[in-house]
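Visitor: One file: coords_2.cif (mmCIF, C-alpha atoms and all ligand atoms).
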data_coords
loop_
_atom_site.group_PDB
_atom_site.id
_atom_site.type_symbol
_atom_site.label_atom_id
_atom_site.label_comp_id
_atom_site.auth_asym_id
_atom_site.auth_seq_id
_atom_site.Cartn_x
_atom_site.Cartn_y
_atom_site.Cartn_z
ATOM 1 C CA MET A 1 0.000 0.000 0.000
ATOM 2 C CA SER A 2 1.251 3.453 -0.863
ATOM 3 C CA LYS A 3 1.867 5.898 1.958
ATOM 4 C CA LEU A 4 0.597 8.632 -0.310
ATOM 5 C CA ASN A 5 -2.979 9.909 -0.368
ATOM 6 C CA GLN A 6 -5.172 8.104 -2.886
ATOM 7 C CA PRO A 7 -8.508 9.063 -4.448
ATOM 8 C CA LEU A 8 -11.394 7.093 -2.973
ATOM 9 C CA GLY A 9 -12.194 4.377 -5.539
ATOM 10 C CA GLY A 10 -15.544 3.428 -6.986
ATOM 11 C CA ASN A 11 -15.220 -0.113 -5.592
ATOM 12 C CA ASP A 12 -14.890 1.215 -2.044
ATOM 13 C CA MET A 13 -17.658 3.800 -2.192
ATOM 14 C CA PRO A 14 -20.180 4.406 -5.006
ATOM 15 C CA ARG A 15 -19.123 7.253 -7.312
ATOM 16 C CA PHE A 16 -22.168 9.257 -6.225
ATOM 17 C CA GLY A 17 -21.275 9.002 -2.535
ATOM 18 C CA GLY A 18 -18.328 9.831 -0.340
ATOM 19 C CA PRO A 19 -16.599 13.156 0.256
ATOM 20 C CA VAL A 20 -17.066 16.036 -2.201
ATOM 21 C CA THR A 21 -13.363 16.773 -2.433
ATOM 22 C CA MET A 22 -11.405 16.907 -5.681
ATOM 23 C CA MET A 23 -11.244 13.286 -6.950
ATOM 24 C CA ARG A 24 -12.553 12.293 -3.477
ATOM 25 C CA LEU A 25 -9.043 12.788 -2.096
ATOM 26 C CA PRO A 26 -8.465 13.228 1.638
ATOM 27 C CA ALA A 27 -9.156 16.756 2.844
ATOM 28 C CA SER A 28 -6.430 18.674 4.631
ATOM 29 C CA GLU A 29 -6.472 21.889 6.649
ATOM 30 C CA THR A 30 -3.217 23.171 5.150
ATOM 31 C CA ALA A 31 -0.693 22.296 2.448
ATOM 32 C CA ALA A 32 1.784 20.974 5.045
ATOM 33 C CA GLY A 33 3.421 17.764 3.856
ATOM 34 C CA CYS A 34 1.927 18.007 0.352
ATOM 35 C CA ASP A 35 3.712 18.167 -2.997
ATOM 36 C CA ALA A 36 0.583 19.535 -4.688
ATOM 37 C CA VAL A 37 -2.806 20.709 -3.436
ATOM 38 C CA PHE A 38 -6.193 21.345 -4.968
ATOM 39 C CA VAL A 39 -7.639 24.577 -3.603
ATOM 40 C CA GLY A 40 -10.885 26.343 -4.449
ATOM 41 C CA ILE A 41 -11.609 30.052 -4.741
ATOM 42 C CA PRO A 42 -15.410 30.446 -4.724
ATOM 43 C CA MET A 43 -15.556 33.938 -6.202
ATOM 44 C CA ASP A 44 -17.597 35.727 -8.853
ATOM 45 C CA ILE A 45 -17.542 39.337 -7.640
ATOM 46 C CA GLY A 46 -14.917 40.185 -10.300
ATOM 47 C CA THR A 47 -17.109 39.160 -13.238
ATOM 48 C CA SER A 48 -18.346 41.565 -15.897
ATOM 49 C CA ASN A 49 -21.225 39.650 -17.456
ATOM 50 C CA ARG A 50 -22.967 36.465 -16.300
ATOM 51 C CA PRO A 51 -22.067 35.590 -12.670
ATOM 52 C CA GLY A 52 -22.023 32.179 -10.986
ATOM 53 C CA THR A 53 -18.348 31.221 -10.756
ATOM 54 C CA ARG A 54 -18.650 31.347 -6.956
ATOM 55 C CA LEU A 55 -20.235 27.912 -7.420
ATOM 56 C CA GLY A 56 -17.472 26.647 -9.734
ATOM 57 C CA PRO A 57 -15.157 24.943 -7.206
ATOM 58 C CA ARG A 58 -18.040 23.034 -5.655
ATOM 59 C CA GLN A 59 -19.322 21.686 -8.980
ATOM 60 C CA ILE A 60 -15.822 20.888 -10.286
ATOM 61 C CA ARG A 61 -15.231 18.807 -7.157
ATOM 62 C CA ASP A 62 -18.598 17.091 -7.591
ATOM 63 C CA GLU A 63 -17.974 16.296 -11.272
ATOM 64 C CA SER A 64 -14.432 15.065 -10.524
ATOM 65 C CA ARG A 65 -15.869 11.965 -8.866
ATOM 66 C CA MET A 66 -15.486 9.814 -12.012
ATOM 67 C CA LEU A 67 -11.749 10.443 -12.276
ATOM 68 C CA ARG A 68 -9.579 7.391 -11.660
ATOM 69 C CA PRO A 69 -5.914 7.533 -10.631
ATOM 70 C CA PHE A 70 -4.120 6.389 -13.820
ATOM 71 C CA ASN A 71 -3.843 8.445 -17.000
ATOM 72 C CA MET A 72 -4.409 5.810 -19.678
ATOM 73 C CA ALA A 73 -3.079 7.963 -22.533
ATOM 74 C CA THR A 74 0.130 9.335 -21.011
ATOM 75 C CA GLY A 75 0.965 6.670 -18.427
ATOM 76 C CA ALA A 76 1.113 9.275 -15.689
ATOM 77 C CA ALA A 77 0.343 7.931 -12.204
ATOM 78 C CA PRO A 78 0.447 11.116 -10.121
ATOM 79 C CA PHE A 79 -0.676 9.502 -6.858
ATOM 80 C CA GLU A 80 2.272 7.093 -6.999
ATOM 81 C CA HIS A 81 4.726 10.000 -6.931
ATOM 82 C CA LEU A 82 3.159 13.028 -5.260
ATOM 83 C CA GLN A 83 1.417 13.648 -1.952
ATOM 84 C CA VAL A 84 -1.804 15.408 -2.965
ATOM 85 C CA ALA A 85 -4.717 16.686 -0.879
ATOM 86 C CA ASP A 86 -7.720 18.973 -1.238
ATOM 87 C CA ILE A 87 -7.232 21.870 1.178
ATOM 88 C CA GLY A 88 -10.693 23.339 0.675
ATOM 89 C CA ASP A 89 -11.539 26.901 -0.260
ATOM 90 C CA VAL A 90 -9.959 30.287 0.319
ATOM 91 C CA ALA A 91 -12.266 32.319 2.581
ATOM 92 C CA ILE A 92 -12.790 35.270 0.274
ATOM 93 C CA ASN A 93 -14.825 38.298 1.399
ATOM 94 C CA THR A 94 -17.765 38.143 -0.991
ATOM 95 C CA PHE A 95 -18.673 41.760 -0.168
ATOM 96 C CA ASP A 96 -15.235 43.184 -1.059
ATOM 97 C CA LEU A 97 -13.179 42.220 -4.130
ATOM 98 C CA LYS A 98 -10.051 44.127 -3.052
ATOM 99 C CA ASP A 99 -10.093 42.473 0.378
ATOM 100 C CA SER A 100 -10.620 39.143 -1.411
ATOM 101 C CA VAL A 101 -7.460 39.501 -3.512
ATOM 102 C CA ARG A 102 -5.501 40.287 -0.324
ATOM 103 C CA ARG A 103 -6.913 37.143 1.278
ATOM 104 C CA ILE A 104 -6.019 35.064 -1.793
ATOM 105 C CA GLU A 105 -2.438 36.320 -1.821
ATOM 106 C CA ALA A 106 -2.036 35.492 1.898
ATOM 107 C CA ALA A 107 -3.502 32.014 1.399
ATOM 108 C CA TYR A 108 -1.089 31.290 -1.487
ATOM 109 C CA ASN A 109 1.882 32.611 0.465
ATOM 110 C CA ASP A 110 1.005 29.938 3.023
ATOM 111 C CA ILE A 111 0.574 27.168 0.405
ATOM 112 C CA LEU A 112 3.835 28.050 -1.336
ATOM 113 C CA GLY A 113 5.591 28.353 2.031
ATOM 114 C CA HIS A 114 4.899 24.650 2.538
ATOM 115 C CA GLY A 115 6.583 23.919 -0.802
ATOM 116 C CA ALA A 116 3.333 22.707 -2.383
ATOM 117 C CA ILE A 117 2.261 23.390 -5.966
ATOM 118 C CA PRO A 118 -1.250 24.926 -6.041
ATOM 119 C CA LEU A 119 -3.858 23.642 -8.507
ATOM 120 C CA THR A 120 -6.682 26.156 -8.270
ATOM 121 C CA LEU A 121 -10.389 25.579 -8.875
ATOM 122 C CA GLY A 122 -11.960 28.934 -9.813
ATOM 123 C CA GLY A 123 -13.625 31.221 -9.425
ATOM 124 C CA ASP A 124 -13.411 34.231 -11.719
ATOM 125 C CA HIS A 125 -10.133 35.153 -13.395
ATOM 126 C CA THR A 126 -9.400 38.042 -11.010
ATOM 127 C CA LEU A 127 -7.837 35.400 -8.735
ATOM 128 C CA THR A 128 -4.806 34.804 -10.958
ATOM 129 C CA TRP A 129 -3.340 38.229 -10.123
ATOM 130 C CA PRO A 130 -2.923 37.649 -6.348
ATOM 131 C CA ILE A 131 -1.721 34.088 -7.044
ATOM 132 C CA LEU A 132 0.986 35.405 -9.384
ATOM 133 C CA ARG A 133 2.036 37.939 -6.718
ATOM 134 C CA ALA A 134 2.520 35.079 -4.245
ATOM 135 C CA ILE A 135 4.297 33.017 -6.914
ATOM 136 C CA LYS A 136 6.687 35.917 -7.571
ATOM 137 C CA ALA A 137 7.478 36.231 -3.859
ATOM 138 C CA ARG A 138 8.451 32.541 -3.823
ATOM 139 C CA HIS A 139 9.946 31.955 -7.292
ATOM 140 C CA GLY A 140 10.602 35.384 -8.787
ATOM 141 C CA PRO A 141 9.104 36.326 -12.185
ATOM 142 C CA VAL A 142 7.743 33.337 -14.120
ATOM 143 C CA ALA A 143 6.886 32.276 -17.641
ATOM 144 C CA LEU A 144 3.156 32.144 -18.333
ATOM 145 C CA VAL A 145 0.954 29.987 -20.534
ATOM 146 C CA HIS A 146 -2.470 31.649 -20.556
ATOM 147 C CA VAL A 147 -5.309 29.862 -22.371
ATOM 148 C CA ASP A 148 -8.373 32.069 -22.785
ATOM 149 C CA ALA A 149 -10.792 33.576 -25.290
ATOM 150 C CA HIS A 150 -9.771 36.945 -23.822
ATOM 151 C CA ALA A 151 -6.428 38.641 -23.229
ATOM 152 C CA ASP A 152 -7.472 39.902 -19.750
ATOM 153 C CA ILE A 153 -5.058 42.831 -20.006
ATOM 154 C CA ASN A 154 -7.514 45.710 -19.531
ATOM 155 C CA GLU A 155 -6.152 48.768 -17.722
ATOM 156 C CA ALA A 156 -9.536 49.040 -15.998
ATOM 157 C CA MET A 157 -13.136 47.887 -16.282
ATOM 158 C CA PHE A 158 -15.845 50.436 -15.475
ATOM 159 C CA GLY A 159 -13.038 52.425 -13.870
ATOM 160 C CA GLU A 160 -11.938 49.564 -11.594
ATOM 161 C CA ARG A 161 -8.410 48.162 -11.843
ATOM 162 C CA VAL A 162 -9.264 44.894 -10.069
ATOM 163 C CA ALA A 163 -11.607 42.776 -12.197
ATOM 164 C CA HIS A 164 -11.605 39.526 -14.130
ATOM 165 C CA GLY A 165 -10.545 41.307 -17.318
ATOM 166 C CA CYS A 166 -7.420 42.853 -15.725
ATOM 167 C CA PRO A 167 -5.327 40.168 -13.958
ATOM 168 C CA PHE A 168 -2.465 39.948 -16.454
ATOM 169 C CA ARG A 169 -2.147 43.738 -16.726
ATOM 170 C CA ARG A 170 -1.799 43.909 -12.943
ATOM 171 C CA ALA A 171 0.642 40.964 -12.877
ATOM 172 C CA TRP A 172 2.717 42.697 -15.563
ATOM 173 C CA GLU A 173 2.764 45.941 -13.538
ATOM 174 C CA ASP A 174 3.925 43.994 -10.485
ATOM 175 C CA GLY A 175 6.815 42.416 -12.385
ATOM 176 C CA CYS A 176 5.425 38.903 -11.946
ATOM 177 C CA LEU A 177 6.093 37.807 -15.547
ATOM 178 C CA LEU A 178 9.075 36.988 -17.756
ATOM 179 C CA ASN A 179 7.755 39.039 -20.661
ATOM 180 C CA ASP A 180 9.731 37.148 -23.306
ATOM 181 C CA LYS A 181 8.133 33.899 -22.059
ATOM 182 C CA VAL A 182 4.434 34.758 -22.000
ATOM 183 C CA VAL A 183 2.073 33.004 -24.427
ATOM 184 C CA GLN A 184 -1.667 33.624 -24.758
ATOM 185 C CA ILE A 185 -3.617 30.922 -26.633
ATOM 186 C CA GLY A 186 -7.203 30.972 -27.914
ATOM 187 C CA LEU A 187 -7.888 34.711 -28.144
ATOM 188 C CA ARG A 188 -10.850 35.554 -30.372
ATOM 189 C CA GLY A 189 -14.138 37.334 -30.773
ATOM 190 C CA THR A 190 -15.080 40.969 -31.023
ATOM 191 C CA GLY A 191 -13.068 43.906 -29.675
ATOM 192 C CA TYR A 192 -13.407 47.572 -28.812
ATOM 193 C CA ALA A 193 -10.631 48.455 -31.269
ATOM 194 C CA PRO A 194 -8.721 46.646 -34.042
ATOM 195 C CA ASP A 195 -5.540 46.592 -31.936
ATOM 196 C CA ASP A 196 -7.085 45.109 -28.774
ATOM 197 C CA PHE A 197 -4.640 42.188 -28.787
ATOM 198 C CA ALA A 198 -1.584 44.329 -29.594
ATOM 199 C CA TRP A 199 -0.762 45.493 -26.055
ATOM 200 C CA GLY A 200 0.647 42.114 -25.006
ATOM 201 C CA ARG A 201 2.774 41.877 -28.154
ATOM 202 C CA ALA A 202 4.231 45.290 -27.343
ATOM 203 C CA GLN A 203 5.446 43.815 -24.035
ATOM 204 C CA GLY A 204 7.126 40.915 -25.830
ATOM 205 C CA TRP A 205 4.309 38.439 -25.290
ATOM 206 C CA ARG A 206 3.301 35.937 -27.959
ATOM 207 C CA ILE A 207 -0.298 35.453 -29.060
ATOM 208 C CA VAL A 208 -1.954 32.455 -30.715
ATOM 209 C CA THR A 209 -5.468 33.320 -31.851
ATOM 210 C CA ALA A 210 -8.250 30.736 -31.922
ATOM 211 C CA GLU A 211 -8.356 31.031 -35.712
ATOM 212 C CA GLU A 212 -4.743 29.820 -35.904
ATOM 213 C CA CYS A 213 -5.739 26.775 -33.827
ATOM 214 C CA TRP A 214 -8.843 25.770 -35.802
ATOM 215 C CA GLY A 215 -8.529 22.243 -37.155
ATOM 216 C CA ARG A 216 -4.979 21.802 -35.913
ATOM 217 C CA SER A 217 -3.213 19.693 -33.326
ATOM 218 C CA MET A 218 -1.691 21.790 -30.542
ATOM 219 C CA ALA A 219 1.283 19.429 -30.210
ATOM 220 C CA PRO A 220 3.603 21.390 -32.576
ATOM 221 C CA LEU A 221 2.728 24.657 -30.795
ATOM 222 C CA MET A 222 3.474 23.141 -27.404
ATOM 223 C CA ALA A 223 6.852 21.848 -28.599
ATOM 224 C CA GLN A 224 7.764 25.446 -29.498
ATOM 225 C CA ILE A 225 6.429 26.720 -26.170
ATOM 226 C CA ARG A 226 8.523 24.153 -24.271
ATOM 227 C CA ALA A 227 11.599 25.374 -26.148
ATOM 228 C CA LEU A 228 10.697 28.994 -25.375
ATOM 229 C CA VAL A 229 10.086 28.401 -21.654
ATOM 230 C CA GLY A 230 13.138 26.181 -21.196
ATOM 231 C CA ASP A 231 14.182 25.824 -17.565
ATOM 232 C CA SER A 232 12.237 28.844 -16.302
ATOM 233 C CA PRO A 233 9.496 28.353 -13.729
ATOM 234 C CA VAL A 234 6.136 28.507 -15.514
ATOM 235 C CA TYR A 235 2.538 29.127 -14.468
ATOM 236 C CA LEU A 236 -0.470 27.758 -16.402
ATOM 237 C CA SER A 237 -3.692 29.763 -16.267
ATOM 238 C CA PHE A 238 -6.594 28.079 -18.070
ATOM 239 C CA ASP A 239 -9.853 29.982 -18.575
ATOM 240 C CA ILE A 240 -12.583 27.480 -19.485
ATOM 241 C CA ASP A 241 -14.058 30.040 -21.930
ATOM 242 C CA SER A 242 -11.116 29.229 -24.209
ATOM 243 C CA LEU A 243 -13.182 26.176 -25.131
ATOM 244 C CA ASP A 244 -15.997 26.592 -27.599
ATOM 245 C CA PRO A 245 -19.254 27.370 -25.746
ATOM 246 C CA GLY A 246 -20.740 24.250 -27.343
ATOM 247 C CA PHE A 247 -18.342 22.231 -25.180
ATOM 248 C CA ALA A 248 -18.273 24.546 -22.154
ATOM 249 C CA PRO A 249 -21.486 26.591 -21.951
ATOM 250 C CA GLY A 250 -21.176 27.113 -18.201
ATOM 251 C CA THR A 251 -19.151 30.304 -18.191
ATOM 252 C CA GLY A 252 -19.798 34.014 -17.880
ATOM 253 C CA THR A 253 -18.323 35.589 -21.012
ATOM 254 C CA ALA A 254 -18.823 32.987 -23.765
ATOM 255 C CA GLU A 255 -17.154 33.554 -27.155
ATOM 256 C CA PHE A 256 -18.121 31.718 -30.338
ATOM 257 C CA ALA A 257 -15.820 29.350 -32.303
ATOM 258 C CA GLY A 258 -13.295 28.318 -29.687
ATOM 259 C CA LEU A 259 -10.950 25.459 -28.896
ATOM 260 C CA THR A 260 -12.004 21.815 -28.725
ATOM 261 C CA PRO A 261 -11.628 19.543 -25.680
ATOM 262 C CA TRP A 262 -8.881 17.538 -27.385
ATOM 263 C CA GLN A 263 -6.939 20.709 -28.167
ATOM 264 C CA ALA A 264 -7.255 21.693 -24.489
ATOM 265 C CA VAL A 265 -5.885 18.308 -23.414
ATOM 266 C CA GLU A 266 -3.024 18.612 -25.921
ATOM 267 C CA ILE A 267 -2.114 22.017 -24.475
ATOM 268 C CA VAL A 268 -1.983 20.725 -20.891
ATOM 269 C CA ARG A 269 -0.154 17.518 -21.819
ATOM 270 C CA GLY A 270 2.267 19.654 -23.832
ATOM 271 C CA MET A 271 3.403 21.276 -20.562
ATOM 272 C CA ALA A 272 5.038 18.008 -19.434
ATOM 273 C CA GLY A 273 8.719 18.406 -18.659
ATOM 274 C CA LEU A 274 8.466 22.083 -17.704
ATOM 275 C CA ASP A 275 9.103 23.482 -14.229
ATOM 276 C CA ILE A 276 5.428 24.122 -13.470
ATOM 277 C CA VAL A 277 4.991 26.112 -10.243
ATOM 278 C CA GLY A 278 1.214 26.473 -10.288
ATOM 279 C CA CYS A 279 -1.933 26.033 -12.384
ATOM 280 C CA ASP A 280 -5.467 27.342 -12.310
ATOM 281 C CA LEU A 281 -8.738 26.447 -14.029
ATOM 282 C CA VAL A 282 -11.086 29.397 -13.874
ATOM 283 C CA GLU A 283 -14.485 30.771 -14.930
ATOM 284 C CA VAL A 284 -16.662 27.652 -14.535
ATOM 285 C CA SER A 285 -20.186 28.971 -13.860
ATOM 286 C CA PRO A 286 -22.518 26.066 -13.008
ATOM 287 C CA PRO A 287 -25.846 27.951 -13.291
ATOM 288 C CA TYR A 288 -25.372 28.213 -17.075
ATOM 289 C CA ASP A 289 -24.720 24.496 -17.517
ATOM 290 C CA PRO A 290 -27.270 22.288 -15.795
ATOM 291 C CA ALA A 291 -25.722 19.201 -17.469
ATOM 292 C CA GLY A 292 -22.405 19.844 -15.711
ATOM 293 C CA SER A 293 -20.319 19.321 -18.868
ATOM 294 C CA THR A 294 -18.277 22.460 -18.223
ATOM 295 C CA ALA A 295 -17.340 21.262 -14.739
ATOM 296 C CA VAL A 296 -16.510 17.813 -16.160
ATOM 297 C CA ALA A 297 -14.120 19.547 -18.566
ATOM 298 C CA GLY A 298 -12.656 21.607 -15.732
ATOM 299 C CA ALA A 299 -12.162 18.591 -13.485
ATOM 300 C CA ASN A 300 -10.467 16.594 -16.246
ATOM 301 C CA LEU A 301 -8.158 19.482 -17.179
ATOM 302 C CA LEU A 302 -7.153 19.919 -13.526
ATOM 303 C CA TYR A 303 -6.358 16.196 -13.388
ATOM 304 C CA GLU A 304 -4.288 16.527 -16.583
ATOM 305 C CA MET A 305 -2.430 19.440 -14.935
ATOM 306 C CA LEU A 306 -1.632 17.234 -11.938
ATOM 307 C CA CYS A 307 -0.322 14.592 -14.355
ATOM 308 C CA VAL A 308 2.324 16.926 -15.847
ATOM 309 C CA LEU A 309 3.704 18.386 -12.624
ATOM 310 C CA PRO A 310 7.429 17.988 -11.918
ATOM 311 C CA GLY A 311 8.073 14.615 -10.316
ATOM 312 C CA VAL A 312 5.427 12.707 -12.299
ATOM 313 C CA PRO A 313 7.087 10.454 -14.917
ATOM 314 C CA GLN A 314 5.541 10.434 -18.391
ATOM 315 C CA GLY A 315 5.402 7.963 -21.234
ATOM 316 C CA GLN A 316 4.858 4.706 -19.394
ATOM 317 C CA ALA A 317 1.533 4.006 -21.108
ATOM 318 C CA GLU A 318 1.097 0.843 -23.089
ATOM 319 C CA ARG A 319 1.116 1.939 -26.707
ATOM 320 C CA LEU A 320 -1.746 0.422 -28.647
ATOM 321 C CA HIS A 321 -1.359 1.050 -32.350
ATOM 322 C CA ASP A 322 -3.268 -1.713 -34.092
ATOM 323 C CA PHE A 323 -3.973 0.559 -37.085
ATOM 324 C CA ASP A 324 -2.092 3.363 -38.837
ATOM 325 C CA LEU A 325 -4.403 6.386 -38.792
ATOM 326 C CA GLY A 326 -2.139 8.412 -41.080
HETATM 327 MN MN MN B 401 -9.991 35.062 -18.467
HETATM 328 MN MN MN B 402 -12.064 34.532 -20.825
#
Write the structure described by the file as structure tokens, please.
Guide:
Amino acid sequence: MSKLNQPLGGNDMPRFGGPVTMMRLPASETAAGCDAVFVGIPMDIGTSNRPGTRLGPRQIRDESRMLRPFNMATGAAPFEHLQVADIGDVAINTFDLKDSVRRIEAAYNDILGHGAIPLTLGGDHTLTWPILRAIKARHGPVALVHVDAHADINEAMFGERVAHGCPFRRAWEDGCLLNDKVVQIGLRGTGYAPDDFAWGRAQGWRIVTAEECWGRSMAPLMAQIRALVGDSPVYLSFDIDSLDPGFAPGTGTAEFAGLTPWQAVEIVRGMAGLDIVGCDLVEVSPPYDPAGSTAVAGANLLYEMLCVLPGVPQGQAERLHDFDLG
């Protein structure tokens, strides 16, 4: 028997029972003793359109109950190599967004102080700014892979500088990012001006629009991103609205003609081998998806993130190639 925490299996407790933690892992009060932790941020007071992401962490945990320990495609067995727990939610102040970002930063200083890698269940995208501030305090400036329909680099929204459309502008101001190692993938839709996506490029960031991704495997892109990031610490921020709303309707600011689930999986799996220091999966809004498909996508992508963390060997899967698919 492994000494490491294991997800509660479906042969020990029916999938629809047991604890509502991520993958039905043991709950923990803190990140002490953990290599990686799942942590929720039940927040939607930074949203600009449809709300509901305060309920995201809870539904992602619920819909994670089908996830089994072994990654059949990549051979990753994260629970054989890492101590992982669900440390619950950050106690945000739902009446005060600015107090909430202070509380998030303090909570992540504590997580990172234990040496654990945070895997965040969001929550609206405002939360990535305080996380990146805590990451900088621990690791210095980091590379960033940001998957999103939106650039989230607004100077302000309705005059406010803290909002879910501003986190990467704030992180840039705070010196949290290695500007020659920032990549934004999946940007699309309508803008206020023709040069809406140009600001990031002017900082040295690289942009991959959704149109460039249509009909393509993301594997060649990720090979180039791995070369770009190299040995630098890297953070992965994944906004579920990067997916096409047909696959992920449960989100607040849906944009037409987005990425597919298999492209999303290729992006996360393409992070393997990098020095990942944290990941988040944000903007799941359960009220707009009664079927729960968006939370299923979020739960699976968080599991895939766990599978590519440093310390998890890759490539042990049995390769089944009975046919040549060209
Ligand atoms: Mn976003
Ligand atoms: Mn977005």
Visitor: Do you know which residues are at most 10 Å from range 296-298 of chain A counting only C-alpha atoms, after dropping those on the same chain fewer than 5 positions away, and could you put them as an mmCIF file with C-alpha atoms, in the coordinates of the input?
Guide:
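The result, written out as result.cif:
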data_model
loop_
_atom_site.group_PDB
_atom_site.id
_atom_site.type_symbol
_atom_site.label_atom_id
_atom_site.label_comp_id
_atom_site.auth_asym_id
_atom_site.auth_seq_id
_atom_site.Cartn_x
_atom_site.Cartn_y
_atom_site.Cartn_z
ATOM 1 C CA GLY A 56 -17.472 26.647 -9.734
ATOM 2 C CA PRO A 57 -15.157 24.943 -7.206
ATOM 3 C CA GLN A 59 -19.322 21.686 -8.980
ATOM 4 C CA ILE A 60 -15.822 20.888 -10.286
ATOM 5 C CA ARG A 61 -15.231 18.807 -7.157
ATOM 6 C CA ASP A 62 -18.598 17.091 -7.591
ATOM 7 C CA GLU A 63 -17.974 16.296 -11.272
ATOM 8 C CA SER A 64 -14.432 15.065 -10.524
ATOM 9 C CA ARG A 65 -15.869 11.965 -8.866
ATOM 10 C CA MET A 66 -15.486 9.814 -12.012
ATOM 11 C CA LEU A 67 -11.749 10.443 -12.276
ATOM 12 C CA LEU A 121 -10.389 25.579 -8.875
ATOM 13 C CA GLY A 122 -11.960 28.934 -9.813
ATOM 14 C CA PHE A 238 -6.594 28.079 -18.070
ATOM 15 C CA ASP A 239 -9.853 29.982 -18.575
ATOM 16 C CA ILE A 240 -12.583 27.480 -19.485
ATOM 17 C CA LEU A 243 -13.182 26.176 -25.131
ATOM 18 C CA PHE A 247 -18.342 22.231 -25.180
ATOM 19 C CA ALA A 248 -18.273 24.546 -22.154
ATOM 20 C CA PRO A 261 -11.628 19.543 -25.680
ATOM 21 C CA ALA A 264 -7.255 21.693 -24.489
ATOM 22 C CA VAL A 265 -5.885 18.308 -23.414
ATOM 23 C CA ASP A 280 -5.467 27.342 -12.310
ATOM 24 C CA LEU A 281 -8.738 26.447 -14.029
ATOM 25 C CA VAL A 282 -11.086 29.397 -13.874
ATOM 26 C CA GLU A 283 -14.485 30.771 -14.930
ATOM 27 C CA VAL A 284 -16.662 27.652 -14.535
ATOM 28 C CA ALA A 291 -25.722 19.201 -17.469
ATOM 29 C CA TYR A 303 -6.358 16.196 -13.388
ATOM 30 C CA GLU A 304 -4.288 16.527 -16.583
#
Visitor: Using only C-alpha atoms and all ligand atoms, which residues of the polymer chains come no farther than 9 Å from ligand MN 402 (chain B)? I'd like the answer as a PyMOL selection string.
Guide: chain A and resi 125+147-152+164-165+187+238-242+251-255+282-283
Visitor: Name the residues captured by the PyMOL selection byres (((chain A and resi 277) around 10) and not hetatm) when it is applied to the shown file; answer as a ChimeraX atom specification.
Guide: /A:36,112,115-119,135,138-139,142-143,232-236,274-276,278-279,309-310
Visitor: Which is closest to Arg169 in chain A among A:Arg188, A:Ala257, A:Gly140, A:Trp199, if we use all atoms listed in the file?
Guide: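 Closest to Arg169 in chain A, using all atoms listed in the file: A:Trp199.
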Visitor: With the file shown as input, list the residues that the PyMOL selection byres (((chain A and resi 312) around 8) and not hetatm) selects, as a list of chain:residue names.
Guide: A:Ala76, A:Ala77, A:Pro78, A:His81, A:Leu82, A:Cys307, A:Val308, A:Leu309, A:Pro310, A:Gly311, A:Pro313, A:Gln314
Visitor: Output C-alpha atoms of each residue in that selection to a file, as a compact mmCIF listing (two decimals), in the coordinates of the input.
Guide:
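Generated file (part07.txt):
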# COMPACT_ATOMS: atom_id res chain seq x y z
CA ALA A 76 1.11 9.28 -15.69
CA ALA A 77 0.34 7.93 -12.20
CA PRO A 78 0.45 11.12 -10.12
CA HIS A 81 4.73 10.00 -6.93
CA LEU A 82 3.16 13.03 -5.26
CA CYS A 307 -0.32 14.59 -14.36
CA VAL A 308 2.32 16.93 -15.85
CA LEU A 309 3.70 18.39 -12.62
CA PRO A 310 7.43 17.99 -11.92
CA GLY A 311 8.07 14.62 -10.32
CA PRO A 313 7.09 10.45 -14.92
CA GLN A 314 5.54 10.43 -18.39
